[in-house]
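Shown here: start-v7.pdb, PDB, C-alpha atoms and all ligand atoms.
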```pdb
ATOM      1  CA  MET A   1      78.346  17.337 -43.617
ATOM      2  CA  PRO A   2      82.095  17.538 -44.049
ATOM      3  CA  ASP A   3      83.340  19.802 -46.820
ATOM      4  CA  LEU A   4      86.072  17.404 -47.763
ATOM      5  CA  ARG A   5      86.808  13.729 -47.300
ATOM      6  CA  PHE A   6      90.242  12.163 -47.581
ATOM      7  CA  ILE A   7      91.092   8.493 -47.288
ATOM      8  CA  ALA A   8      94.625   7.400 -46.442
ATOM      9  CA  HIS A   9      95.576   3.769 -47.023
ATOM     10  CA  SER A  10      99.000   4.224 -45.447
ATOM     11  CA  GLU A  11     100.933   6.616 -43.222
ATOM     12  CA  ASP A  12     102.582   8.008 -46.357
ATOM     13  CA  GLU A  13      99.165   9.055 -47.585
ATOM     14  CA  THR A  14      98.459  10.687 -44.219
ATOM     15  CA  ASP A  15     101.729  12.578 -44.788
ATOM     16  CA  ARG A  16     100.346  13.755 -48.114
ATOM     17  CA  LEU A  17      97.306  15.237 -46.356
ATOM     18  CA  GLY A  18      99.547  16.826 -43.721
ATOM     19  CA  GLN A  19     101.783  18.335 -46.399
ATOM     20  CA  ALA A  20      98.789  19.766 -48.254
ATOM     21  CA  LEU A  21      97.385  21.199 -45.014
ATOM     22  CA  ALA A  22     100.773  22.720 -44.211
ATOM     23  CA  VAL A  23     100.624  24.688 -47.460
ATOM     24  CA  CYS A  24      97.140  26.005 -46.656
ATOM     25  CA  LEU A  25      97.478  26.937 -42.980
ATOM     26  CA  ARG A  26      98.327  30.507 -41.957
ATOM     27  CA  PRO A  27      99.304  32.178 -38.656
ATOM     28  CA  GLY A  28      96.275  32.324 -36.380
ATOM     29  CA  ASP A  29      94.526  29.259 -37.814
ATOM     30  CA  VAL A  30      92.988  26.757 -35.397
ATOM     31  CA  VAL A  31      92.544  23.098 -36.351
ATOM     32  CA  THR A  32      90.706  20.595 -34.161
ATOM     33  CA  LEU A  33      91.474  16.889 -34.333
ATOM     34  CA  ASN A  34      88.813  14.494 -33.174
ATOM     35  CA  GLY A  35      88.642  10.724 -33.131
ATOM     36  CA  ASP A  36      89.223   7.723 -30.893
ATOM     37  CA  LEU A  37      92.480   6.774 -29.168
ATOM     38  CA  GLY A  38      94.935   5.742 -31.856
ATOM     39  CA  ALA A  39      92.878   7.258 -34.685
ATOM     40  CA  GLY A  40      95.861   9.220 -35.956
ATOM     41  CA  LYS A  41      95.481  12.731 -34.542
ATOM     42  CA  THR A  42      99.087  12.977 -33.367
ATOM     43  CA  ARG A  43     100.323  11.270 -36.517
ATOM     44  CA  LEU A  44      98.670  13.948 -38.661
ATOM     45  CA  VAL A  45     100.158  16.689 -36.452
ATOM     46  CA  ARG A  46     103.582  15.112 -37.076
ATOM     47  CA  SER A  47     102.976  15.303 -40.830
ATOM     48  CA  ILE A  48     101.996  18.970 -40.630
ATOM     49  CA  VAL A  49     104.841  19.973 -38.301
ATOM     50  CA  ASN A  50     107.504  18.231 -40.328
ATOM     51  CA  ALA A  51     106.191  19.783 -43.524
ATOM     52  CA  LEU A  52     106.649  23.238 -41.959
ATOM     53  CA  ALA A  53     109.861  22.704 -39.978
ATOM     54  CA  ASP A  54     113.367  22.922 -41.412
ATOM     55  CA  GLU A  55     114.566  20.064 -39.258
ATOM     56  CA  GLU A  56     112.726  16.878 -38.332
ATOM     57  CA  GLN A  57     110.971  17.421 -34.989
ATOM     58  CA  PRO A  58     109.804  14.717 -32.621
ATOM     59  CA  VAL A  59     106.026  14.944 -32.314
ATOM     60  CA  ASN A  60     104.275  12.954 -29.603
ATOM     61  CA  SER A  61     100.931  13.257 -27.860
ATOM     62  CA  PRO A  62     101.412  16.242 -25.539
ATOM     63  CA  THR A  63      99.426  14.435 -22.873
ATOM     64  CA  PHE A  64     101.594  15.517 -19.973
ATOM     65  CA  VAL A  65     102.929  18.798 -21.291
ATOM     66  CA  LEU A  66      99.444  19.710 -22.599
ATOM     67  CA  ILE A  67     100.821  22.467 -24.801
ATOM     68  CA  GLN A  68     103.807  21.712 -26.998
ATOM     69  CA  GLN A  69     105.392  24.341 -29.200
ATOM     70  CA  TYR A  70     107.391  23.498 -32.330
ATOM     71  CA  ASP A  71     109.887  25.604 -34.197
ATOM     72  CA  ALA A  72     108.847  26.004 -37.760
ATOM     73  CA  ASN A  73     108.445  28.888 -40.190
ATOM     74  CA  VAL A  74     105.370  29.772 -38.131
ATOM     75  CA  PRO A  75     105.059  28.874 -34.427
ATOM     76  CA  ILE A  76     102.954  25.745 -34.107
ATOM     77  CA  TYR A  77     101.124  24.936 -30.870
ATOM     78  CA  HIS A  78     100.026  21.362 -30.314
ATOM     79  CA  MET A  79      97.505  20.884 -27.531
ATOM     80  CA  ASP A  80      95.746  17.874 -26.119
ATOM     81  CA  ALA A  81      92.549  18.270 -24.119
ATOM     82  CA  TYR A  82      92.206  14.555 -23.288
ATOM     83  CA  ARG A  83      93.075  14.967 -19.621
ATOM     84  CA  LEU A  84      91.251  18.218 -19.073
ATOM     85  CA  ALA A  85      88.045  18.200 -17.063
ATOM     86  CA  ASN A  86      86.590  21.300 -18.687
ATOM     87  CA  GLU A  87      87.142  24.588 -20.528
ATOM     88  CA  ASP A  88      88.269  26.363 -17.329
ATOM     89  CA  GLU A  89      91.298  24.088 -17.016
ATOM     90  CA  PHE A  90      92.129  24.771 -20.650
ATOM     91  CA  LEU A  91      91.891  28.537 -20.185
ATOM     92  CA  ALA A  92      93.936  28.335 -16.961
ATOM     93  CA  MET A  93      96.886  27.113 -19.055
ATOM     94  CA  GLY A  94      96.819  30.393 -20.975
ATOM     95  CA  ALA A  95      95.211  28.720 -23.944
ATOM     96  CA  ASP A  96      93.062  31.715 -24.904
ATOM     97  CA  GLU A  97      96.120  33.881 -25.539
ATOM     98  CA  ILE A  98      97.581  31.160 -27.726
ATOM     99  CA  LEU A  99      94.311  30.697 -29.605
ATOM    100  CA  GLU A 100      94.151  34.420 -30.318
ATOM    101  CA  GLY A 101      97.849  34.654 -31.173
ATOM    102  CA  ASP A 102      99.803  34.323 -34.369
ATOM    103  CA  GLY A 103     100.652  30.649 -34.237
ATOM    104  CA  ILE A 104      98.962  27.707 -35.883
ATOM    105  CA  CYS A 105      97.037  25.759 -33.218
ATOM    106  CA  LEU A 106      96.424  22.034 -33.569
ATOM    107  CA  ILE A 107      94.167  20.673 -30.816
ATOM    108  CA  GLU A 108      93.544  17.000 -30.067
ATOM    109  CA  TRP A 109      90.322  16.022 -28.257
ATOM    110  CA  ALA A 110      88.995  19.511 -28.887
ATOM    111  CA  ASP A 111      85.380  18.401 -28.315
ATOM    112  CA  ARG A 112      86.205  18.391 -24.592
ATOM    113  CA  ILE A 113      86.819  22.140 -24.639
ATOM    114  CA  ALA A 114      84.303  23.025 -27.347
ATOM    115  CA  ASP A 115      83.107  26.217 -25.652
ATOM    116  CA  ALA A 116      86.648  27.623 -25.542
ATOM    117  CA  LEU A 117      87.233  27.255 -29.278
ATOM    118  CA  PRO A 118      87.076  30.200 -31.654
ATOM    119  CA  SER A 119      83.873  29.970 -33.703
ATOM    120  CA  ASP A 120      85.880  29.780 -36.933
ATOM    121  CA  HIS A 121      88.123  26.711 -36.893
ATOM    122  CA  LEU A 122      88.856  23.776 -39.154
ATOM    123  CA  ARG A 123      87.409  20.551 -37.808
ATOM    124  CA  ILE A 124      89.033  17.226 -38.716
ATOM    125  CA  ASP A 125      87.404  13.956 -37.650
ATOM    126  CA  ILE A 126      89.536  10.843 -38.049
ATOM    127  CA  GLU A 127      88.276   7.266 -38.130
ATOM    128  CA  ALA A 128      90.261   4.057 -38.464
ATOM    129  CA  GLY A 129      88.946   1.739 -41.171
ATOM    130  CA  GLY A 130      91.691  -0.898 -40.860
ATOM    131  CA  PRO A 131      95.260  -1.257 -39.577
ATOM    132  CA  THR A 132      96.618   1.466 -41.869
ATOM    133  CA  MET A 133      93.440   2.887 -43.376
ATOM    134  CA  ARG A 134      92.165   6.184 -42.004
ATOM    135  CA  ARG A 135      89.175   8.302 -43.030
ATOM    136  CA  PHE A 136      89.467  12.052 -42.571
ATOM    137  CA  ALA A 137      86.347  14.228 -42.611
ATOM    138  CA  ILE A 138      87.242  17.902 -42.833
ATOM    139  CA  ALA A 139      84.694  20.609 -42.097
ATOM    140  CA  ALA A 140      84.764  24.387 -42.015
ATOM    141  CA  THR A 141      82.914  26.397 -39.357
ATOM    142  CA  GLY A 142      83.402  29.916 -40.717
ATOM    143  CA  GLU A 143      84.852  32.130 -43.395
ATOM    144  CA  ARG A 144      88.546  31.465 -42.812
ATOM    145  CA  SER A 145      88.150  27.700 -42.416
ATOM    146  CA  THR A 146      86.049  27.627 -45.595
ATOM    147  CA  ALA A 147      88.957  29.295 -47.401
ATOM    148  CA  ILE A 148      91.276  26.629 -45.952
ATOM    149  CA  THR A 149      89.097  23.765 -47.228
ATOM    150  CA  GLN A 150      88.955  25.355 -50.673
ATOM    151  CA  SER A 151      92.703  25.742 -50.925
ATOM    152  CA  LEU A 152      93.174  22.261 -49.454
ATOM    153  CA  GLU A 153      90.962  20.784 -52.155
ATOM    154  CA  ARG A 154      93.060  22.514 -54.822
ATOM    155  CA  GLU A 155      96.306  21.465 -53.160
ATOM    156  CA  LEU A 156      95.265  17.801 -52.914
ATOM    157  CA  SER A 157      94.171  17.589 -56.524
ATOM    158  CA  ALA A 158      97.357  19.340 -57.692
ATOM    159  CA  ALA A 159      99.532  16.932 -55.714
ATOM    160  CA  GLN A 160      97.942  13.826 -57.213
TER
HETATM  161  N1  LIG B 201      97.315   5.912 -42.373
HETATM  162  C1  LIG B 201      97.630   6.165 -41.102
HETATM  163  N2  LIG B 201      97.539   7.432 -40.628
HETATM  164  C2  LIG B 201      97.828   7.713 -39.341
HETATM  165  N3  LIG B 201      98.239   6.813 -38.425
HETATM  166  C3  LIG B 201      98.351   5.538 -38.842
HETATM  167  C4  LIG B 201      98.051   5.163 -40.189
HETATM  168  N4  LIG B 201      98.263   3.836 -40.305
HETATM  169  C5  LIG B 201      98.669   3.399 -39.114
HETATM  170  N5  LIG B 201      98.732   4.409 -38.217
HETATM  171  C6  LIG B 201      99.124   4.238 -36.817
HETATM  172  O1  LIG B 201      98.016   4.612 -36.002
HETATM  173  C7  LIG B 201      98.512   5.174 -34.787
HETATM  174  C8  LIG B 201      97.944   6.545 -34.599
HETATM  175  O2  LIG B 201      98.344   6.989 -33.340
HETATM  176  P1  LIG B 201      98.214   8.476 -32.845
HETATM  177  O3  LIG B 201      99.066   8.613 -31.650
HETATM  178  O4  LIG B 201      98.417   9.415 -33.971
HETATM  179  O5  LIG B 201      96.658   8.497 -32.422
HETATM  180  P2  LIG B 201      95.875   9.643 -31.662
HETATM  181  O6  LIG B 201      94.606   9.825 -32.407
HETATM  182  O7  LIG B 201      96.734  10.835 -31.469
HETATM  183  O8  LIG B 201      95.547   8.955 -30.261
HETATM  184  P3  LIG B 201      95.437   9.586 -28.791
HETATM  185  O9  LIG B 201      93.991   9.964 -28.634
HETATM  186  O10 LIG B 201      95.812   8.459 -27.903
HETATM  187  O11 LIG B 201      96.332  10.769 -28.670
HETATM  188  C9  LIG B 201     100.025   5.210 -34.888
HETATM  189  O12 LIG B 201     100.543   4.081 -34.242
HETATM  190  C10 LIG B 201     100.276   5.134 -36.380
HETATM  191  O13 LIG B 201     101.530   4.534 -36.680
HETATM  192 MG    MG B 202      97.433  11.846 -29.782
END
```

For this file, write the structure as structure tokens.
Amino acid sequence: MPDLRFIAHSEDETDRLGQALAVCLRPGDVVTLNGDLGAGKTRLVRSIVNALADEEQPVNSPTFVLIQQYDANVPIYHMDAYRLANEDEFLAMGADEILEGDGICLIEWADRIADALPSDHLRIDIEAGGPTMRRFAIAATGERSTAITQSLERELSAAQ
């Protein structure tokens, strides 16, 4: 069961979720983004990155780069496991050092590298319910991610 559900009827509302998440995330946090092609994983990353960066940053699926780093108040690493065959390929890119480091890690298609993930991460499943409607199911897997969902819940109700 997800700890939190959020429905966006527009990209602006997805931005609102990204802005709230940006307030709650801390160095070292790992967020996984799951959902079909075009669900909105990259779009949510863009919302989070631009909430944390001083200047607008272009955020695209890091399909070819695989690991993209953004300049923000905290380093943000954006990874995409779509093209990876397995966890070994992920670790060969130096991903474990990044996961254990002091950045915020946002990982698309993380189910493909499930065994390489830290046990405590925030899991976000995204589902399209129409052209601009998206359902976000947010679940904690440990102590830190539970704290994130709690502060996210407060942040979302305060921002209403
Ligand atoms: N409310 C919404 N939230 C997020 N994206 C939306 C929303 N409404 C429409 N969209 C559109 O849905 C698309 C989401 O694409 P995005 O690249 O984020 O998907 P993705 O899950 O990263 O796919 P991929 O697996 O191919 O990387 C974009 O074209 C975006 O403009
Ligand atoms: Mg993407």

Just say which residues the PyMOL selection byres (((chain A and resi 43) around 10) and not hetatm) picks in this file, as a VMD selection string. chain A and resid 11 14 to 15 18 38 to 42 44 to 49 59 to 61

Those selected residues, please, written with C-alpha atoms and delivered as a short mmCIF file (atom, residue, chain, number, x, y, z; two decimals), keeping the file's coordinate frame.
```
data_model
loop_
_atom_site.label_atom_id
_atom_site.label_comp_id
_atom_site.auth_asym_id
_atom_site.auth_seq_id
_atom_site.Cartn_x
_atom_site.Cartn_y
_atom_site.Cartn_z
CA GLU A 11 100.93 6.62 -43.22
CA THR A 14 98.46 10.69 -44.22
CA ASP A 15 101.73 12.58 -44.79
CA GLY A 18 99.55 16.83 -43.72
CA GLY A 38 94.94 5.74 -31.86
CA ALA A 39 92.88 7.26 -34.68
CA GLY A 40 95.86 9.22 -35.96
CA LYS A 41 95.48 12.73 -34.54
CA THR A 42 99.09 12.98 -33.37
CA LEU A 44 98.67 13.95 -38.66
CA VAL A 45 100.16 16.69 -36.45
CA ARG A 46 103.58 15.11 -37.08
CA SER A 47 102.98 15.30 -40.83
CA ILE A 48 102.00 18.97 -40.63
CA VAL A 49 104.84 19.97 -38.30
CA VAL A 59 106.03 14.94 -32.31
CA ASN A 60 104.28 12.95 -29.60
CA SER A 61 100.93 13.26 -27.86
#
```

Leaving out Glu153 (chain A) and any residue of its chain fewer than 2 positions from it, which residues lie within 12 Å of it when counting all atoms listed in the file, given as a VMD selection string? chain A and resid 3 to 6 17 20 to 21 23 to 24 138 to 139 146 to 151 155 to 160

Between CA of Leu66 (chain A) and CA of Ala81 (chain A), distance in Å (one decimal): 7.2 Å

Nearest candidate to ligand MG 202 (chain B) (options A:Asp80, A:Asp29, A:Glu100, A:Asp111; using only C-alpha atoms and all ligand atoms): A:Asp80

Work out how far atom N5 of ligand LIG 201 (chain B) is from CA of Met79 (chain A), in Å to one decimal. 19.7 Å

Here's the selection I'm unsure about, the PyMOL selection byres (((chain A and resi 102-107) around 6) and not hetatm); applied to the file above, which residues does it give, as an MDAnalysis selection string? chainID A and resid 27:33 75:80 101 108 110

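When CA of Asn50 (chain A) is paired with CA of Gln19 (chain A), their separation reads 8.3 Å.
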
So which one's closest to ligand MG 202 (chain B), A:Ala22, A:Leu117, A:Ile126, A:Val74? Using only C-alpha atoms and all ligand atoms, please.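 Among the listed residues, the smallest separation from ligand MG 202 (chain B) belongs to A:Ile126.
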
Under the rule that only C-alpha atoms and all ligand atoms are counted, which of A:Ile124, A:Ile7, A:Leu37, A:Ala51 is the nearest residue to ligand MG 202 (chain B)?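 The closest residue to ligand MG 202 (chain B) is A:Leu37.
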
With distances taken over only C-alpha atoms and all ligand atoms, which residue among A:Pro118, A:Glu55, A:Arg123, A:Tyr82 lies nearest ligand MG 202 (chain B)?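 Nearest candidate to ligand MG 202 (chain B) out of A:Pro118, A:Glu55, A:Arg123, A:Tyr82: A:Tyr82.
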
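Remark: for ligand LIG 201 (chain B), the closest of the candidate residues A:Pro58, A:Gly35, A:Gly94, A:Pro2 is A:Gly35 (distances computed over all atoms listed in the file).
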
Would you please work out which residue, of A:Phe136, A:Tyr70, A:Phe90, A:Trp109, is nearest to ligand MG 202 (chain B) when using only C-alpha atoms and all ligand atoms? A:Trp109
